[in-house]
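Participant: Questions regarding the structure given below will be posed in turn.
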Amino acid sequence: MAILSIVALVAATLFAGAALYITLVEHPARLVLDDGSLLAQWQPSYDRALPIQSGLAILGGVAGLAAWYLSGDWRWIAGSVALLANWPFTLVVIFPVNKQLQATRPEQANAESRQLLVQWGRLHAVRSALGTLSAILFAWALTSAL
């Protein structure tokens, strides 16, 4: 149980930290760029972040579910639901925006692509909030178990 709890907490914390960095630092910084440079920076950044963020959500969510199963503590399942909720939220809400942005070449970037990136930033903030909520719930459950 202890190792699963730690894995869940570490994965959720890494997810939240990366998501918060993107939301609070990286994305606002790139928004000062011109339209073409903005899109040119976002596209490879998104491609690199995708496997890391999705893997951390799965790892933390599954480990949290296992910790809940073994302990019966509601905080583990609540944290897992928050962390795993990033998957359907991303696929249903963010993916259509991502698809439009990925299909646009940087030399075609304009006010419309910029507005999509502003929208993407707001949507990504939801991912940051879900990850942070998960990390808080996992930390709370782990410290209560000690």
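Note on naming: chains are A, B, ... as they come in the structure tokens, residues start from 1 per chain, ligands start from 1 in the order shown.
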Fewer than 3 positions away in the same chain doesn't count, so skip those; otherwise give me all residues within 10 Å of A:Ile136, counting only C-alpha atoms, as a list in words.

Facilitator: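 What passes the distance filter is Leu9, Ala12, Thr13, Ala16, Arg75, Gly79, Leu130, Gly131, Thr132, Leu133, Ala139, Trp140, Ala141 and Leu142 of chain A.
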
Participant: What's around stretch 51-63 of chain A at 10 Å? Count only C-alpha atoms, leave out sequence neighbours fewer than 5 positions away in its own chain, and write the answer as an MDAnalysis selection string.

Facilitator: chainID A and resid 1 3:16 18:19 46 68:69 76:87 90 127 131 134:135 138

Participant: Write the residues of the preceding selection, restricted to N, CA, C and O atoms, as a compact mmCIF listing (two decimals), in the first residue's frame.

Facilitator:
# COMPACT_ATOMS: atom_id res chain seq x y z
N MET A 1 0.83 -1.20 0.00
CA MET A 1 0.00 0.00 0.00
C MET A 1 0.87 1.25 0.00
O MET A 1 0.59 2.20 -0.73
N ILE A 3 3.90 1.89 -1.11
CA ILE A 3 4.56 2.21 -2.37
C ILE A 3 3.56 2.74 -3.40
O ILE A 3 3.85 3.68 -4.14
N LEU A 4 2.37 2.16 -3.43
CA LEU A 4 1.33 2.64 -4.35
C LEU A 4 0.93 4.07 -4.03
O LEU A 4 0.72 4.89 -4.92
N SER A 5 0.83 4.36 -2.75
CA SER A 5 0.47 5.71 -2.31
C SER A 5 1.52 6.72 -2.74
O SER A 5 1.20 7.82 -3.22
N ILE A 6 2.77 6.35 -2.57
CA ILE A 6 3.87 7.25 -2.94
C ILE A 6 3.92 7.43 -4.46
O ILE A 6 4.10 8.55 -4.95
N VAL A 7 3.73 6.35 -5.20
CA VAL A 7 3.72 6.44 -6.67
C VAL A 7 2.59 7.35 -7.13
O VAL A 7 2.78 8.22 -7.99
N ALA A 8 1.41 7.19 -6.54
CA ALA A 8 0.27 8.03 -6.91
C ALA A 8 0.57 9.49 -6.62
O ALA A 8 0.34 10.36 -7.47
N LEU A 9 1.09 9.77 -5.44
CA LEU A 9 1.38 11.14 -5.06
C LEU A 9 2.47 11.75 -5.94
O LEU A 9 2.33 12.88 -6.42
N VAL A 10 3.53 11.02 -6.18
CA VAL A 10 4.63 11.55 -7.00
C VAL A 10 4.14 11.81 -8.43
O VAL A 10 4.42 12.87 -9.01
N ALA A 11 3.39 10.88 -9.00
CA ALA A 11 2.90 11.06 -10.38
C ALA A 11 1.94 12.26 -10.46
O ALA A 11 2.04 13.08 -11.38
N ALA A 12 1.04 12.37 -9.49
CA ALA A 12 0.10 13.50 -9.48
C ALA A 12 0.83 14.83 -9.30
O ALA A 12 0.49 15.83 -9.94
N THR A 13 1.82 14.83 -8.44
CA THR A 13 2.58 16.05 -8.19
C THR A 13 3.39 16.45 -9.43
O THR A 13 3.45 17.63 -9.78
N LEU A 14 4.01 15.48 -10.08
CA LEU A 14 4.74 15.78 -11.32
C LEU A 14 3.80 16.29 -12.40
O LEU A 14 4.11 17.24 -13.13
N PHE A 15 2.63 15.65 -12.52
CA PHE A 15 1.64 16.10 -13.49
C PHE A 15 1.23 17.54 -13.19
O PHE A 15 1.22 18.40 -14.07
N ALA A 16 0.87 17.79 -11.94
CA ALA A 16 0.42 19.13 -11.55
C ALA A 16 1.52 20.16 -11.75
O ALA A 16 1.26 21.26 -12.27
N ALA A 18 4.07 20.12 -13.85
CA ALA A 18 4.28 20.38 -15.28
C ALA A 18 3.12 21.18 -15.85
O ALA A 18 3.33 22.14 -16.61
N ALA A 19 1.90 20.81 -15.49
CA ALA A 19 0.73 21.53 -16.01
C ALA A 19 0.72 22.97 -15.52
O ALA A 19 0.42 23.90 -16.29
N TYR A 46 3.84 21.05 -27.42
CA TYR A 46 2.69 20.16 -27.22
C TYR A 46 3.08 18.71 -27.50
O TYR A 46 2.75 17.81 -26.72
N TRP A 68 -6.74 3.18 -3.06
CA TRP A 68 -8.12 3.21 -2.57
C TRP A 68 -8.64 1.80 -2.31
O TRP A 68 -9.25 1.53 -1.27
N TYR A 69 -8.41 0.90 -3.25
CA TYR A 69 -8.87 -0.48 -3.12
C TYR A 69 -8.31 -1.12 -1.86
O TYR A 69 -9.01 -1.83 -1.14
N TRP A 76 -8.31 8.67 -2.00
CA TRP A 76 -7.56 8.05 -3.09
C TRP A 76 -8.39 7.96 -4.36
O TRP A 76 -7.92 8.24 -5.46
N ILE A 77 -9.64 7.56 -4.22
CA ILE A 77 -10.48 7.45 -5.43
C ILE A 77 -10.84 8.84 -5.95
O ILE A 77 -10.86 9.07 -7.15
N ALA A 78 -11.07 9.80 -5.06
CA ALA A 78 -11.37 11.16 -5.49
C ALA A 78 -10.18 11.76 -6.24
O ALA A 78 -10.34 12.39 -7.30
N GLY A 79 -8.98 11.56 -5.72
CA GLY A 79 -7.78 12.05 -6.40
C GLY A 79 -7.56 11.37 -7.73
O GLY A 79 -7.15 12.00 -8.71
N SER A 80 -7.85 10.08 -7.78
CA SER A 80 -7.71 9.34 -9.04
C SER A 80 -8.70 9.83 -10.08
O SER A 80 -8.34 10.00 -11.25
N VAL A 81 -9.94 10.04 -9.66
CA VAL A 81 -10.95 10.54 -10.60
C VAL A 81 -10.53 11.91 -11.13
O VAL A 81 -10.62 12.17 -12.34
N ALA A 82 -10.03 12.78 -10.26
CA ALA A 82 -9.59 14.11 -10.70
C ALA A 82 -8.44 13.99 -11.71
O ALA A 82 -8.44 14.67 -12.75
N LEU A 83 -7.48 13.14 -11.41
CA LEU A 83 -6.32 13.00 -12.30
C LEU A 83 -6.71 12.34 -13.62
O LEU A 83 -6.32 12.80 -14.70
N LEU A 84 -7.48 11.28 -13.55
CA LEU A 84 -7.89 10.57 -14.77
C LEU A 84 -8.90 11.37 -15.59
O LEU A 84 -9.04 11.15 -16.79
N ALA A 85 -9.59 12.32 -14.96
CA ALA A 85 -10.55 13.16 -15.69
C ALA A 85 -9.85 14.00 -16.76
O ALA A 85 -10.50 14.47 -17.70
N ASN A 86 -8.54 14.14 -16.64
CA ASN A 86 -7.79 14.85 -17.67
C ASN A 86 -7.91 14.17 -19.03
O ASN A 86 -7.87 14.85 -20.06
N TRP A 87 -8.02 12.86 -19.05
CA TRP A 87 -8.12 12.13 -20.31
C TRP A 87 -9.39 12.50 -21.08
O TRP A 87 -9.30 12.97 -22.21
N THR A 90 -9.44 16.21 -22.05
CA THR A 90 -8.53 16.52 -23.16
C THR A 90 -9.09 16.00 -24.48
O THR A 90 -9.08 16.73 -25.48
N ARG A 127 -6.80 21.53 -16.76
CA ARG A 127 -5.92 20.37 -16.51
C ARG A 127 -5.02 20.64 -15.31
O ARG A 127 -4.79 19.76 -14.49
N GLY A 131 -5.06 18.38 -11.86
CA GLY A 131 -3.83 17.77 -11.36
C GLY A 131 -3.50 18.25 -9.96
O GLY A 131 -3.09 17.46 -9.10
N SER A 134 -5.84 16.64 -7.44
CA SER A 134 -5.43 15.25 -7.23
C SER A 134 -4.23 15.17 -6.29
O SER A 134 -4.22 14.37 -5.35
N ALA A 135 -3.22 16.00 -6.54
CA ALA A 135 -2.03 15.97 -5.68
C ALA A 135 -2.38 16.33 -4.24
O ALA A 135 -1.86 15.71 -3.30
N PHE A 138 -4.22 13.31 -2.68
CA PHE A 138 -3.28 12.22 -2.42
C PHE A 138 -2.37 12.55 -1.23
O PHE A 138 -2.11 11.68 -0.39

Participant: At what distance in Å, to one decimal, does atom CA of A:Pro106 lie from atom CA of A:Gly36?

Facilitator: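 If I compute the distance from atom CA of A:Gly36 to atom CA of A:Pro106, I get 4.6 Å.
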
Participant: One number please: atom CA of A:Arg105 to atom CA of A:Trp42, in Å, one decimal.

Facilitator: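 Between these atoms lies a distance of 11.4 Å.
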
Participant: Please identify all polymer residues within 10 Å of A:Thr23, counting only C-alpha atoms, omitting same-chain residues fewer than 2 positions from it, and present them as a ChimeraX atom specification.

Facilitator: /A:17-21,25-29,120-129

Participant: As an exercise, work out the distance from atom CA of A:Ala66 to atom CA of A:Arg48 in Å and give it to one decimal place.

Facilitator: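 Atom CA of A:Arg48 lies 28.4 Å from atom CA of A:Ala66.
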
Participant: Please determine, counting only C-alpha atoms, which residue among A:Gln100, A:Ser37, A:Ser45, A:Ser71 has the shortest atom-to-atom distance to A:Ala145.

Facilitator: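 Among A:Gln100, A:Ser37, A:Ser45, A:Ser71, it is A:Ser71 that comes nearest to A:Ala145.
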
Participant: Closest to A:Asp73 among A:Val92, A:Ile22, A:Val97, A:Leu137, using only C-alpha atoms?

Facilitator: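 Among the listed residues, the smallest separation from A:Asp73 belongs to A:Leu137.
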
Participant: Going by DSSP on the backbone, which residues of stretch 4-93 of chain A come out as alpha helix (DSSP H)? List them as a PyMOL selection string.

Facilitator: chain A and resi 4-21+27-30+35-71+74-84+86-89

Participant: Extract, using only C-alpha atoms, all DNA, RNA and protein residues at most 12 Å from A:Ala40, discarding same-chain residues fewer than 3 positions from it, and format them as JSON, numbers by chain.

Facilitator: {"A": [30, 31, 33, 34, 35, 36, 37, 43, 44, 45, 46, 47, 101, 102, 103, 104, 105, 106, 107, 108, 109, 113, 114, 117]}

Participant: Considering only C-alpha atoms, can you say which of A:Leu38, A:Gly64, A:Pro96, A:Leu50 comes closest to A:Ala111?

Facilitator: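 Closest to A:Ala111 of all the choices is A:Leu38.
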